[in-house]
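Asker: For reference, this is input03.tsv, and it has TSV, N, CA and C atoms.
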```
chain	number	residue	atom	x	y	z
A	193	MET	N	-192.26	154.25	69.45
A	193	MET	CA	-191.12	153.51	69.93
A	193	MET	C	-189.93	153.80	69.02
A	194	SER	N	-188.79	154.02	69.62
A	194	SER	CA	-187.60	154.35	68.82
A	194	SER	C	-187.03	153.10	68.14
A	195	GLN	N	-186.24	153.34	67.11
A	195	GLN	CA	-185.57	152.24	66.41
A	195	GLN	C	-184.66	151.48	67.36
A	196	LYS	N	-184.01	152.22	68.26
A	196	LYS	CA	-183.11	151.59	69.23
A	196	LYS	C	-183.89	150.62	70.12
A	197	THR	N	-185.06	151.04	70.59
A	197	THR	CA	-185.88	150.19	71.44
A	197	THR	C	-186.34	148.95	70.69
A	198	ILE	N	-186.70	149.11	69.44
A	198	ILE	CA	-187.12	147.97	68.61
A	198	ILE	C	-185.99	146.95	68.48
A	199	VAL	N	-184.80	147.42	68.21
A	199	VAL	CA	-183.64	146.53	68.07
A	199	VAL	C	-183.35	145.83	69.40
A	200	ILE	N	-183.42	146.58	70.50
A	200	ILE	CA	-183.18	145.99	71.82
A	200	ILE	C	-184.20	144.91	72.13
A	201	LEU	N	-185.48	145.17	71.84
A	201	LEU	CA	-186.52	144.18	72.10
A	201	LEU	C	-186.32	142.92	71.27
A	202	LEU	N	-185.98	143.07	70.00
A	202	LEU	CA	-185.72	141.90	69.16
A	202	LEU	C	-184.50	141.12	69.67
A	203	ALA	N	-183.45	141.85	70.04
A	203	ALA	CA	-182.23	141.20	70.54
A	203	ALA	C	-182.50	140.47	71.86
A	204	LEU	N	-183.25	141.11	72.76
A	204	LEU	CA	-183.59	140.46	74.03
A	204	LEU	C	-184.49	139.25	73.80
A	205	GLY	N	-185.42	139.37	72.87
A	205	GLY	CA	-186.27	138.23	72.53
A	205	GLY	C	-185.45	137.05	72.03
A	206	LEU	N	-184.47	137.34	71.19
A	206	LEU	CA	-183.59	136.29	70.68
A	206	LEU	C	-182.78	135.68	71.82
A	207	ALA	N	-182.25	136.51	72.70
A	207	ALA	CA	-181.46	136.03	73.83
A	207	ALA	C	-182.30	135.17	74.77
A	208	ILE	N	-183.52	135.61	75.06
A	208	ILE	CA	-184.41	134.83	75.94
A	208	ILE	C	-184.71	133.48	75.31
A	209	TRP	N	-184.97	133.48	74.02
A	209	TRP	CA	-185.25	132.23	73.34
A	209	TRP	C	-184.05	131.29	73.41
A	210	ILE	N	-182.86	131.80	73.16
A	210	ILE	CA	-181.65	130.96	73.19
A	210	ILE	C	-181.45	130.37	74.58
A	211	VAL	N	-181.53	131.21	75.60
A	211	VAL	CA	-181.34	130.74	76.99
A	211	VAL	C	-182.42	129.71	77.35
A	212	GLY	N	-183.67	130.02	77.02
A	212	GLY	CA	-184.76	129.09	77.32
A	212	GLY	C	-184.61	127.76	76.60
A	213	SER	N	-184.21	127.81	75.35
A	213	SER	CA	-184.04	126.58	74.57
A	213	SER	C	-182.90	125.73	75.13
A	214	ILE	N	-181.82	126.38	75.50
A	214	ILE	CA	-180.69	125.63	76.10
A	214	ILE	C	-181.12	125.02	77.43
A	215	TYR	N	-181.84	125.80	78.24
A	215	TYR	CA	-182.34	125.29	79.53
A	215	TYR	C	-183.20	124.05	79.32
A	216	TYR	N	-184.18	124.11	78.41
A	216	TYR	CA	-185.05	122.97	78.20
A	216	TYR	C	-184.34	121.82	77.49
A	217	ALA	N	-183.32	122.11	76.71
A	217	ALA	CA	-182.54	121.04	76.09
A	217	ALA	C	-181.86	120.19	77.15
A	218	TYR	N	-181.39	120.82	78.21
A	218	TYR	CA	-180.70	120.09	79.28
A	218	TYR	C	-181.62	119.65	80.41
A	219	ARG	N	-182.57	120.48	80.79
A	219	ARG	CA	-183.43	120.20	81.93
A	219	ARG	C	-184.81	119.67	81.53
A	220	GLY	N	-185.09	119.67	80.25
A	220	GLY	CA	-186.40	119.26	79.76
A	220	GLY	C	-186.89	117.93	80.28
A	221	PRO	N	-186.05	116.88	80.26
A	221	PRO	CA	-186.55	115.59	80.75
A	221	PRO	C	-187.03	115.63	82.21
A	222	SER	N	-186.36	116.40	83.05
A	222	SER	CA	-186.77	116.46	84.45
A	222	SER	C	-188.02	117.31	84.65
A	223	ILE	N	-188.43	118.03	83.63
A	223	ILE	CA	-189.64	118.86	83.70
A	223	ILE	C	-190.77	118.23	82.91
A	224	LEU	N	-190.48	117.80	81.70
A	224	LEU	CA	-191.52	117.31	80.79
A	224	LEU	C	-191.78	115.81	80.91
A	225	GLU	N	-190.78	115.07	81.39
A	225	GLU	CA	-190.90	113.61	81.46
A	225	GLU	C	-190.79	113.16	82.91
A	226	THR	N	-191.68	113.68	83.72
A	226	THR	CA	-191.64	113.45	85.16
A	226	THR	C	-193.03	113.13	85.66
A	227	THR	N	-193.26	113.33	86.93
A	227	THR	CA	-194.59	113.07	87.48
A	227	THR	C	-195.58	114.09	86.94
A	228	THR	N	-196.83	113.71	86.95
A	228	THR	CA	-197.89	114.60	86.50
A	228	THR	C	-197.92	115.88	87.32
A	229	GLN	N	-197.76	115.75	88.64
A	229	GLN	CA	-197.80	116.92	89.51
A	229	GLN	C	-196.66	117.87	89.20
A	230	ARG	N	-195.46	117.35	89.03
A	230	ARG	CA	-194.30	118.22	88.74
A	230	ARG	C	-194.48	118.92	87.39
A	231	TYR	N	-194.99	118.19	86.42
A	231	TYR	CA	-195.23	118.79	85.10
A	231	TYR	C	-196.21	119.95	85.20
A	232	TRP	N	-197.35	119.76	85.88
A	232	TRP	CA	-198.36	120.80	85.94
A	232	TRP	C	-197.91	122.00	86.77
A	233	ILE	N	-197.11	121.76	87.78
A	233	ILE	CA	-196.56	122.88	88.54
A	233	ILE	C	-195.65	123.71	87.64
A	234	ALA	N	-194.78	123.04	86.91
A	234	ALA	CA	-193.89	123.74	85.98
A	234	ALA	C	-194.70	124.42	84.87
A	235	PHE	N	-195.77	123.76	84.42
A	235	PHE	CA	-196.62	124.32	83.37
A	235	PHE	C	-197.25	125.63	83.83
A	236	ALA	N	-197.59	125.72	85.11
A	236	ALA	CA	-198.17	126.95	85.66
A	236	ALA	C	-197.12	128.03	85.90
A	237	ILE	N	-195.96	127.62	86.38
A	237	ILE	CA	-194.92	128.59	86.75
A	237	ILE	C	-194.23	129.20	85.53
A	238	SER	N	-193.96	128.42	84.52
A	238	SER	CA	-193.20	128.89	83.36
A	238	SER	C	-193.82	130.12	82.68
A	239	PRO	N	-195.12	130.10	82.34
A	239	PRO	CA	-195.71	131.29	81.72
A	239	PRO	C	-195.71	132.51	82.65
A	240	ILE	N	-195.93	132.27	83.94
A	240	ILE	CA	-195.94	133.39	84.89
A	240	ILE	C	-194.55	134.01	84.99
A	241	PHE	N	-193.52	133.18	85.08
A	241	PHE	CA	-192.15	133.69	85.14
A	241	PHE	C	-191.80	134.46	83.86
A	242	SER	N	-192.13	133.89	82.72
A	242	SER	CA	-191.82	134.54	81.44
A	242	SER	C	-192.55	135.87	81.30
A	243	THR	N	-193.80	135.90	81.71
A	243	THR	CA	-194.57	137.14	81.65
A	243	THR	C	-193.95	138.21	82.55
A	244	ALA	N	-193.59	137.83	83.76
A	244	ALA	CA	-192.97	138.78	84.68
A	244	ALA	C	-191.66	139.32	84.10
A	245	LEU	N	-190.87	138.45	83.50
A	245	LEU	CA	-189.62	138.88	82.87
A	245	LEU	C	-189.89	139.88	81.74
A	246	CYS	N	-190.85	139.59	80.90
A	246	CYS	CA	-191.17	140.49	79.78
A	246	CYS	C	-191.72	141.83	80.26
A	247	ILE	N	-192.55	141.81	81.28
A	247	ILE	CA	-193.07	143.06	81.83
A	247	ILE	C	-191.92	143.88	82.42
A	248	ALA	N	-191.01	143.22	83.11
A	248	ALA	CA	-189.85	143.92	83.67
A	248	ALA	C	-189.02	144.57	82.56
A	249	ILE	N	-188.86	143.88	81.45
A	249	ILE	CA	-188.11	144.45	80.32
A	249	ILE	C	-188.81	145.69	79.78
A	250	LEU	N	-190.12	145.61	79.60
A	250	LEU	CA	-190.86	146.77	79.07
A	250	LEU	C	-190.78	147.95	80.03
A	251	ARG	N	-190.85	147.69	81.31
A	251	ARG	CA	-190.73	148.77	82.28
A	251	ARG	C	-189.31	149.33	82.29
A	252	TRP	N	-188.31	148.48	82.22
A	252	TRP	CA	-186.91	148.90	82.18
A	252	TRP	C	-186.65	149.81	80.97
A	253	LEU	N	-187.26	149.45	79.84
A	253	LEU	CA	-187.08	150.25	78.62
A	253	LEU	C	-188.06	151.43	78.55
A	254	ALA	N	-188.90	151.57	79.57
A	254	ALA	CA	-189.89	152.65	79.65
A	254	ALA	C	-190.80	152.68	78.41
A	255	VAL	N	-191.25	151.50	78.01
A	255	VAL	CA	-192.18	151.41	76.87
A	255	VAL	C	-193.55	151.87	77.37
A	256	PRO	N	-194.15	152.85	76.72
A	256	PRO	CA	-195.47	153.32	77.14
A	256	PRO	C	-196.51	152.19	77.02
A	257	PRO	N	-197.45	152.11	77.95
A	257	PRO	CA	-198.47	151.06	77.90
A	257	PRO	C	-199.21	150.97	76.56
A	258	ALA	N	-199.36	152.08	75.88
A	258	ALA	CA	-200.02	152.06	74.56
A	258	ALA	C	-199.24	151.25	73.53
A	259	ASN	N	-197.96	151.00	73.80
A	259	ASN	CA	-197.11	150.25	72.86
A	259	ASN	C	-196.77	148.84	73.35
A	260	TRP	N	-197.39	148.41	74.45
A	260	TRP	CA	-197.02	147.11	75.00
A	260	TRP	C	-197.31	145.95	74.05
A	261	ALA	N	-198.42	145.96	73.36
A	261	ALA	CA	-198.75	144.85	72.46
A	261	ALA	C	-197.67	144.72	71.38
A	262	THR	N	-197.30	145.82	70.79
A	262	THR	CA	-196.25	145.81	69.76
A	262	THR	C	-194.92	145.37	70.34
A	263	ALA	N	-194.59	145.91	71.51
A	263	ALA	CA	-193.31	145.58	72.14
A	263	ALA	C	-193.24	144.10	72.50
A	264	MET	N	-194.32	143.55	73.02
A	264	MET	CA	-194.32	142.13	73.37
A	264	MET	C	-194.19	141.26	72.13
A	265	LEU	N	-194.80	141.68	71.04
A	265	LEU	CA	-194.63	140.93	69.80
A	265	LEU	C	-193.17	140.94	69.36
A	266	LEU	N	-192.52	142.08	69.51
A	266	LEU	CA	-191.10	142.16	69.16
A	266	LEU	C	-190.26	141.24	70.04
A	267	LEU	N	-190.63	141.10	71.31
A	267	LEU	CA	-189.93	140.17	72.19
A	267	LEU	C	-190.24	138.72	71.81
A	268	ALA	N	-191.47	138.44	71.40
A	268	ALA	CA	-191.91	137.07	71.16
A	268	ALA	C	-191.52	136.52	69.79
A	269	ILE	N	-191.50	137.34	68.78
A	269	ILE	CA	-191.29	136.85	67.40
A	269	ILE	C	-190.00	136.06	67.22
A	270	PRO	N	-188.85	136.50	67.75
A	270	PRO	CA	-187.65	135.66	67.57
A	270	PRO	C	-187.82	134.26	68.17
A	271	GLY	N	-188.44	134.17	69.32
A	271	GLY	CA	-188.66	132.87	69.94
A	271	GLY	C	-189.67	132.03	69.19
A	272	MET	N	-190.72	132.65	68.71
A	272	MET	CA	-191.73	131.90	67.97
A	272	MET	C	-191.13	131.32	66.69
A	273	ALA	N	-190.34	132.10	65.99
A	273	ALA	CA	-189.69	131.61	64.77
A	273	ALA	C	-188.67	130.52	65.11
A	274	GLY	N	-187.90	130.77	66.15
A	274	GLY	CA	-186.90	129.78	66.55
A	274	GLY	C	-187.52	128.47	67.01
A	275	GLU	N	-188.61	128.56	67.75
A	275	GLU	CA	-189.26	127.35	68.24
A	275	GLU	C	-189.89	126.53	67.12
A	276	ALA	N	-190.30	127.19	66.06
A	276	ALA	CA	-190.82	126.44	64.91
A	276	ALA	C	-189.73	125.51	64.36
A	277	VAL	N	-188.50	126.02	64.31
A	277	VAL	CA	-187.37	125.21	63.85
A	277	VAL	C	-187.06	124.11	64.86
A	278	VAL	N	-187.02	124.47	66.15
A	278	VAL	CA	-186.70	123.49	67.19
A	278	VAL	C	-187.73	122.37	67.21
A	279	LEU	N	-189.01	122.71	67.20
A	279	LEU	CA	-190.04	121.69	67.28
A	279	LEU	C	-190.07	120.79	66.05
A	280	SER	N	-189.71	121.33	64.91
A	280	SER	CA	-189.70	120.50	63.70
A	280	SER	C	-188.45	119.63	63.61
A	281	HIS	N	-187.46	119.90	64.45
A	281	HIS	CA	-186.22	119.10	64.51
A	281	HIS	C	-185.86	118.82	65.97
A	282	LEU	N	-186.85	118.37	66.73
A	282	LEU	CA	-186.68	118.20	68.18
A	282	LEU	C	-185.50	117.29	68.52
A	283	GLY	N	-185.35	116.21	67.82
A	283	GLY	CA	-184.27	115.27	68.09
A	283	GLY	C	-182.88	115.86	67.88
A	284	THR	N	-182.78	116.84	67.01
A	284	THR	CA	-181.50	117.49	66.75
A	284	THR	C	-181.17	118.52	67.81
A	285	PHE	N	-182.14	119.37	68.14
A	285	PHE	CA	-181.89	120.47	69.07
A	285	PHE	C	-182.08	120.09	70.54
A	286	MET	N	-182.89	119.07	70.80
A	286	MET	CA	-183.14	118.64	72.18
A	286	MET	C	-183.05	117.13	72.26
A	287	PRO	N	-181.84	116.60	72.05
A	287	PRO	CA	-181.69	115.14	71.96
A	287	PRO	C	-182.01	114.38	73.25
A	288	LYS	N	-182.01	115.05	74.39
A	288	LYS	CA	-182.33	114.37	75.65
A	288	LYS	C	-183.83	114.12	75.81
A	289	LEU	N	-184.64	114.84	75.04
A	289	LEU	CA	-186.10	114.69	75.13
A	289	LEU	C	-186.57	113.56	74.22
A	290	HIS	N	-187.54	112.81	74.70
A	290	HIS	CA	-188.19	111.83	73.84
A	290	HIS	C	-189.07	112.58	72.83
A	291	ALA	N	-189.25	112.02	71.68
A	291	ALA	CA	-190.06	112.66	70.64
A	291	ALA	C	-191.47	112.95	71.14
A	292	THR	N	-192.00	112.10	72.01
A	292	THR	CA	-193.36	112.29	72.52
A	292	THR	C	-193.45	113.50	73.45
A	293	SER	N	-192.33	113.99	73.93
A	293	SER	CA	-192.34	115.18	74.79
A	293	SER	C	-192.47	116.47	74.00
A	294	GLY	N	-192.36	116.39	72.69
A	294	GLY	CA	-192.50	117.57	71.86
A	294	GLY	C	-193.84	118.26	72.05
A	295	GLY	N	-194.88	117.48	72.21
A	295	GLY	CA	-196.22	118.05	72.44
A	295	GLY	C	-196.30	118.78	73.77
A	296	ARG	N	-195.69	118.20	74.79
A	296	ARG	CA	-195.68	118.87	76.10
A	296	ARG	C	-194.88	120.15	76.04
A	297	TYR	N	-193.75	120.10	75.36
A	297	TYR	CA	-192.93	121.30	75.22
A	297	TYR	C	-193.69	122.37	74.43
A	298	GLY	N	-194.35	121.96	73.36
A	298	GLY	CA	-195.16	122.89	72.58
A	298	GLY	C	-196.27	123.51	73.41
A	299	ALA	N	-196.88	122.71	74.30
A	299	ALA	CA	-197.93	123.24	75.18
A	299	ALA	C	-197.37	124.31	76.11
A	300	PHE	N	-196.16	124.09	76.65
A	300	PHE	CA	-195.50	125.12	77.46
A	300	PHE	C	-195.37	126.40	76.66
A	301	LEU	N	-194.92	126.27	75.43
A	301	LEU	CA	-194.70	127.44	74.58
A	301	LEU	C	-196.00	128.18	74.29
A	302	PHE	N	-197.04	127.45	73.91
A	302	PHE	CA	-198.31	128.09	73.61
A	302	PHE	C	-198.86	128.82	74.82
A	303	ALA	N	-198.80	128.17	75.98
A	303	ALA	CA	-199.31	128.80	77.21
A	303	ALA	C	-198.52	130.07	77.53
A	304	THR	N	-197.22	130.01	77.37
A	304	THR	CA	-196.37	131.16	77.67
A	304	THR	C	-196.65	132.32	76.72
A	305	TYR	N	-196.62	132.05	75.43
A	305	TYR	CA	-196.88	133.12	74.46
A	305	TYR	C	-198.29	133.68	74.62
A	306	ALA	N	-199.26	132.82	74.90
A	306	ALA	CA	-200.64	133.29	75.07
A	306	ALA	C	-200.76	134.24	76.26
A	307	LEU	N	-200.15	133.89	77.37
A	307	LEU	CA	-200.24	134.75	78.55
A	307	LEU	C	-199.50	136.07	78.34
A	308	VAL	N	-198.30	136.00	77.83
A	308	VAL	CA	-197.49	137.21	77.60
A	308	VAL	C	-198.22	138.16	76.65
A	309	LEU	N	-198.66	137.65	75.53
A	309	LEU	CA	-199.30	138.51	74.52
A	309	LEU	C	-200.68	138.99	74.96
A	310	SER	N	-201.41	138.17	75.70
A	310	SER	CA	-202.73	138.59	76.18
A	310	SER	C	-202.63	139.74	77.18
A	311	ILE	N	-201.71	139.63	78.11
A	311	ILE	CA	-201.53	140.71	79.09
A	311	ILE	C	-201.12	142.00	78.39
A	312	ALA	N	-200.21	141.90	77.46
A	312	ALA	CA	-199.79	143.10	76.72
A	312	ALA	C	-200.95	143.72	75.96
A	313	GLU	N	-201.78	142.89	75.38
A	313	GLU	CA	-202.94	143.40	74.63
A	313	GLU	C	-203.93	144.09	75.56
A	314	VAL	N	-204.18	143.50	76.71
A	314	VAL	CA	-205.10	144.10	77.67
A	314	VAL	C	-204.57	145.46	78.13
A	315	VAL	N	-203.29	145.53	78.44
A	315	VAL	CA	-202.69	146.80	78.87
A	315	VAL	C	-202.83	147.85	77.77
A	316	THR	N	-202.54	147.44	76.54
A	316	THR	CA	-202.63	148.36	75.42
A	316	THR	C	-204.07	148.83	75.20
A	317	LEU	N	-205.02	147.91	75.23
A	317	LEU	CA	-206.42	148.27	75.03
A	317	LEU	C	-206.94	149.22	76.11
A	318	ARG	N	-206.49	149.02	77.33
A	318	ARG	CA	-206.93	149.91	78.43
A	318	ARG	C	-206.50	151.36	78.20
A	319	THR	N	-205.40	151.56	77.51
A	319	THR	CA	-204.95	152.93	77.24
A	319	THR	C	-205.83	153.61	76.20
A	320	ARG	N	-206.57	152.83	75.45
A	320	ARG	CA	-207.42	153.38	74.38
A	320	ARG	C	-208.85	153.63	74.84
A	321	MET	N	-209.17	153.27	76.06
A	321	MET	CA	-210.54	153.43	76.56
A	321	MET	C	-210.72	154.81	77.18
```
Would you kindly transcribe this structure into structure tokens?

Answerer:
Amino acid sequence: MSQKTIVILLALGLAIWIVGSIYYAYRGPSILETTTQRYWIAFAISPIFSTALCIAILRWLAVPPANWATAMLLLAIPGMAGEAVVLSHLGTFMPKLHATSGGRYGAFLFATYALVLSIAEVVTLRTRM
């Protein structure tokens, strides 16, 4: 992977994290503090949408499947670092959310990162078989 691609992936990861954090800061209560059915529907859709977006980015950048695991980590790391700060200061960064919603928000994040990184790892491993 070229240095340019690495920088683009990190920058896109940072941008996705910023947009996602702003979205949940404003829309979080209607997603995380709602009916059980609405929460679980959003819980299922969010990781799928994020994974599709990340796969589209890798295809757009023509990242070879053998490098998908590394590339997805480059996309994920800015968000993972940023979310550690957000979750530890939830009231500051997401004042519309109740403190008890932090766990639900964290669950969204874990599910999303797990799906994105798992798919990338499977794709990468298949190239080595």

Asker: Which is closest to A:Phe285 among A:Leu317, A:Leu253, A:Ile214, A:Ala299, if we use only C-alpha atoms?

Answerer: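 Answer, going by the shortest atom-to-atom distance: A:Ile214.
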
Asker: Taking into account only N, CA and C atoms, which residue in the set A:Thr226, A:Thr292, A:Ser238, A:Thr197 is nearest to A:Ala263?

Answerer: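 Of A:Thr226, A:Thr292, A:Ser238, A:Thr197, the one nearest A:Ala263 is A:Thr197, counting only N, CA and C atoms.
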
Asker: Can you tell me how far atom N of A:Leu309 sits from atom CA of A:Asn259, in Å to one decimal?

Answerer: 13.0 Å

Asker: So which residues fall inside 8 Å of (-199.5, 146.2, 80.8) if we count all atoms listed in the file? Mind giving them as a PDB file with N, CA and C atoms, in the frame of the given file?

Answerer:
```pdb
ATOM      1  N   ILE A 247    -192.550 141.810  81.280  1.00  0.00           N
ATOM      2  CA  ILE A 247    -193.070 143.060  81.830  1.00  0.00           C
ATOM      3  C   ILE A 247    -191.920 143.880  82.420  1.00  0.00           C
ATOM      4  N   PRO A 256    -194.150 152.850  76.720  1.00  0.00           N
ATOM      5  CA  PRO A 256    -195.470 153.320  77.140  1.00  0.00           C
ATOM      6  C   PRO A 256    -196.510 152.190  77.020  1.00  0.00           C
ATOM      7  N   PRO A 257    -197.450 152.110  77.950  1.00  0.00           N
ATOM      8  CA  PRO A 257    -198.470 151.060  77.900  1.00  0.00           C
ATOM      9  C   PRO A 257    -199.210 150.970  76.560  1.00  0.00           C
ATOM     10  N   ALA A 258    -199.360 152.080  75.880  1.00  0.00           N
ATOM     11  CA  ALA A 258    -200.020 152.060  74.560  1.00  0.00           C
ATOM     12  C   ALA A 258    -199.240 151.250  73.530  1.00  0.00           C
ATOM     13  N   TRP A 260    -197.390 148.410  74.450  1.00  0.00           N
ATOM     14  CA  TRP A 260    -197.020 147.110  75.000  1.00  0.00           C
ATOM     15  C   TRP A 260    -197.310 145.950  74.050  1.00  0.00           C
ATOM     16  N   ALA A 261    -198.420 145.960  73.360  1.00  0.00           N
ATOM     17  CA  ALA A 261    -198.750 144.850  72.460  1.00  0.00           C
ATOM     18  C   ALA A 261    -197.670 144.720  71.380  1.00  0.00           C
ATOM     19  N   ILE A 311    -201.710 139.630  78.110  1.00  0.00           N
ATOM     20  CA  ILE A 311    -201.530 140.710  79.090  1.00  0.00           C
ATOM     21  C   ILE A 311    -201.120 142.000  78.390  1.00  0.00           C
ATOM     22  N   ALA A 312    -200.210 141.900  77.460  1.00  0.00           N
ATOM     23  CA  ALA A 312    -199.790 143.100  76.720  1.00  0.00           C
ATOM     24  C   ALA A 312    -200.950 143.720  75.960  1.00  0.00           C
ATOM     25  N   GLU A 313    -201.780 142.890  75.380  1.00  0.00           N
ATOM     26  CA  GLU A 313    -202.940 143.400  74.630  1.00  0.00           C
ATOM     27  C   GLU A 313    -203.930 144.090  75.560  1.00  0.00           C
ATOM     28  N   VAL A 314    -204.180 143.500  76.710  1.00  0.00           N
ATOM     29  CA  VAL A 314    -205.100 144.100  77.670  1.00  0.00           C
ATOM     30  C   VAL A 314    -204.570 145.460  78.130  1.00  0.00           C
ATOM     31  N   VAL A 315    -203.290 145.530  78.440  1.00  0.00           N
ATOM     32  CA  VAL A 315    -202.690 146.800  78.870  1.00  0.00           C
ATOM     33  C   VAL A 315    -202.830 147.850  77.770  1.00  0.00           C
ATOM     34  N   THR A 316    -202.540 147.440  76.540  1.00  0.00           N
ATOM     35  CA  THR A 316    -202.630 148.360  75.420  1.00  0.00           C
ATOM     36  C   THR A 316    -204.070 148.830  75.200  1.00  0.00           C
TER      37      THR A 316
END
```

Asker: Using atom CA of A:Ala203 and atom CA of A:Ser222 as the two end points, give the distance in Å to one decimal.

Answerer: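 Between atom CA of A:Ala203 and atom CA of A:Ser222 the gap works out to 28.7 Å.
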
Asker: Rounded to one decimal in Å, what is the spacing between atom CA of A:Pro287 and atom CA of A:Tyr218?

Answerer: 8.9 Å

Asker: With only N, CA and C atoms as the basis for distance, which of A:Gly283, A:Pro270, A:Gly220, A:Gly295 is at the shortest distance from A:Leu204?

Answerer: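 Closest residue, counting only N, CA and C atoms: A:Pro270.
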
Asker: Between A:Ser293, A:Ser280, A:Trp209, A:Leu202, which residue has the minimum interatomic distance to A:Leu224, considering all atoms listed in the file?

Answerer: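 Among the listed residues, A:Ser293 lies closest to A:Leu224.
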
Asker: Which neighbours of A:Ala273 fall inside 12 Å, counting only C-alpha atoms, when residues of the same chain fewer than 4 positions from it are skipped, and could you give them as number ranges by chain?

Answerer: A: 202, 205-206, 209-210, 265-269, 277-280, 301

Asker: Could the residues in this selection be written to a file with N, CA and C atoms, as a PDB file, in the coordinates of the input?

Answerer:
```
ATOM      1  N   LEU A 202    -185.980 143.070  70.000  1.00  0.00           N
ATOM      2  CA  LEU A 202    -185.720 141.900  69.160  1.00  0.00           C
ATOM      3  C   LEU A 202    -184.500 141.120  69.670  1.00  0.00           C
ATOM      4  N   GLY A 205    -185.420 139.370  72.870  1.00  0.00           N
ATOM      5  CA  GLY A 205    -186.270 138.230  72.530  1.00  0.00           C
ATOM      6  C   GLY A 205    -185.450 137.050  72.030  1.00  0.00           C
ATOM      7  N   LEU A 206    -184.470 137.340  71.190  1.00  0.00           N
ATOM      8  CA  LEU A 206    -183.590 136.290  70.680  1.00  0.00           C
ATOM      9  C   LEU A 206    -182.780 135.680  71.820  1.00  0.00           C
ATOM     10  N   TRP A 209    -184.970 133.480  74.020  1.00  0.00           N
ATOM     11  CA  TRP A 209    -185.250 132.230  73.340  1.00  0.00           C
ATOM     12  C   TRP A 209    -184.050 131.290  73.410  1.00  0.00           C
ATOM     13  N   ILE A 210    -182.860 131.800  73.160  1.00  0.00           N
ATOM     14  CA  ILE A 210    -181.650 130.960  73.190  1.00  0.00           C
ATOM     15  C   ILE A 210    -181.450 130.370  74.580  1.00  0.00           C
ATOM     16  N   LEU A 265    -194.800 141.680  71.040  1.00  0.00           N
ATOM     17  CA  LEU A 265    -194.630 140.930  69.800  1.00  0.00           C
ATOM     18  C   LEU A 265    -193.170 140.940  69.360  1.00  0.00           C
ATOM     19  N   LEU A 266    -192.520 142.080  69.510  1.00  0.00           N
ATOM     20  CA  LEU A 266    -191.100 142.160  69.160  1.00  0.00           C
ATOM     21  C   LEU A 266    -190.260 141.240  70.040  1.00  0.00           C
ATOM     22  N   LEU A 267    -190.630 141.100  71.310  1.00  0.00           N
ATOM     23  CA  LEU A 267    -189.930 140.170  72.190  1.00  0.00           C
ATOM     24  C   LEU A 267    -190.240 138.720  71.810  1.00  0.00           C
ATOM     25  N   ALA A 268    -191.470 138.440  71.400  1.00  0.00           N
ATOM     26  CA  ALA A 268    -191.910 137.070  71.160  1.00  0.00           C
ATOM     27  C   ALA A 268    -191.520 136.520  69.790  1.00  0.00           C
ATOM     28  N   ILE A 269    -191.500 137.340  68.780  1.00  0.00           N
ATOM     29  CA  ILE A 269    -191.290 136.850  67.400  1.00  0.00           C
ATOM     30  C   ILE A 269    -190.000 136.060  67.220  1.00  0.00           C
ATOM     31  N   VAL A 277    -188.500 126.020  64.310  1.00  0.00           N
ATOM     32  CA  VAL A 277    -187.370 125.210  63.850  1.00  0.00           C
ATOM     33  C   VAL A 277    -187.060 124.110  64.860  1.00  0.00           C
ATOM     34  N   VAL A 278    -187.020 124.470  66.150  1.00  0.00           N
ATOM     35  CA  VAL A 278    -186.700 123.490  67.190  1.00  0.00           C
ATOM     36  C   VAL A 278    -187.730 122.370  67.210  1.00  0.00           C
ATOM     37  N   LEU A 279    -189.010 122.710  67.200  1.00  0.00           N
ATOM     38  CA  LEU A 279    -190.040 121.690  67.280  1.00  0.00           C
ATOM     39  C   LEU A 279    -190.070 120.790  66.050  1.00  0.00           C
ATOM     40  N   SER A 280    -189.710 121.330  64.910  1.00  0.00           N
ATOM     41  CA  SER A 280    -189.700 120.500  63.700  1.00  0.00           C
ATOM     42  C   SER A 280    -188.450 119.630  63.610  1.00  0.00           C
ATOM     43  N   LEU A 301    -194.920 126.270  75.430  1.00  0.00           N
ATOM     44  CA  LEU A 301    -194.700 127.440  74.580  1.00  0.00           C
ATOM     45  C   LEU A 301    -196.000 128.180  74.290  1.00  0.00           C
TER      46      LEU A 301
END
```
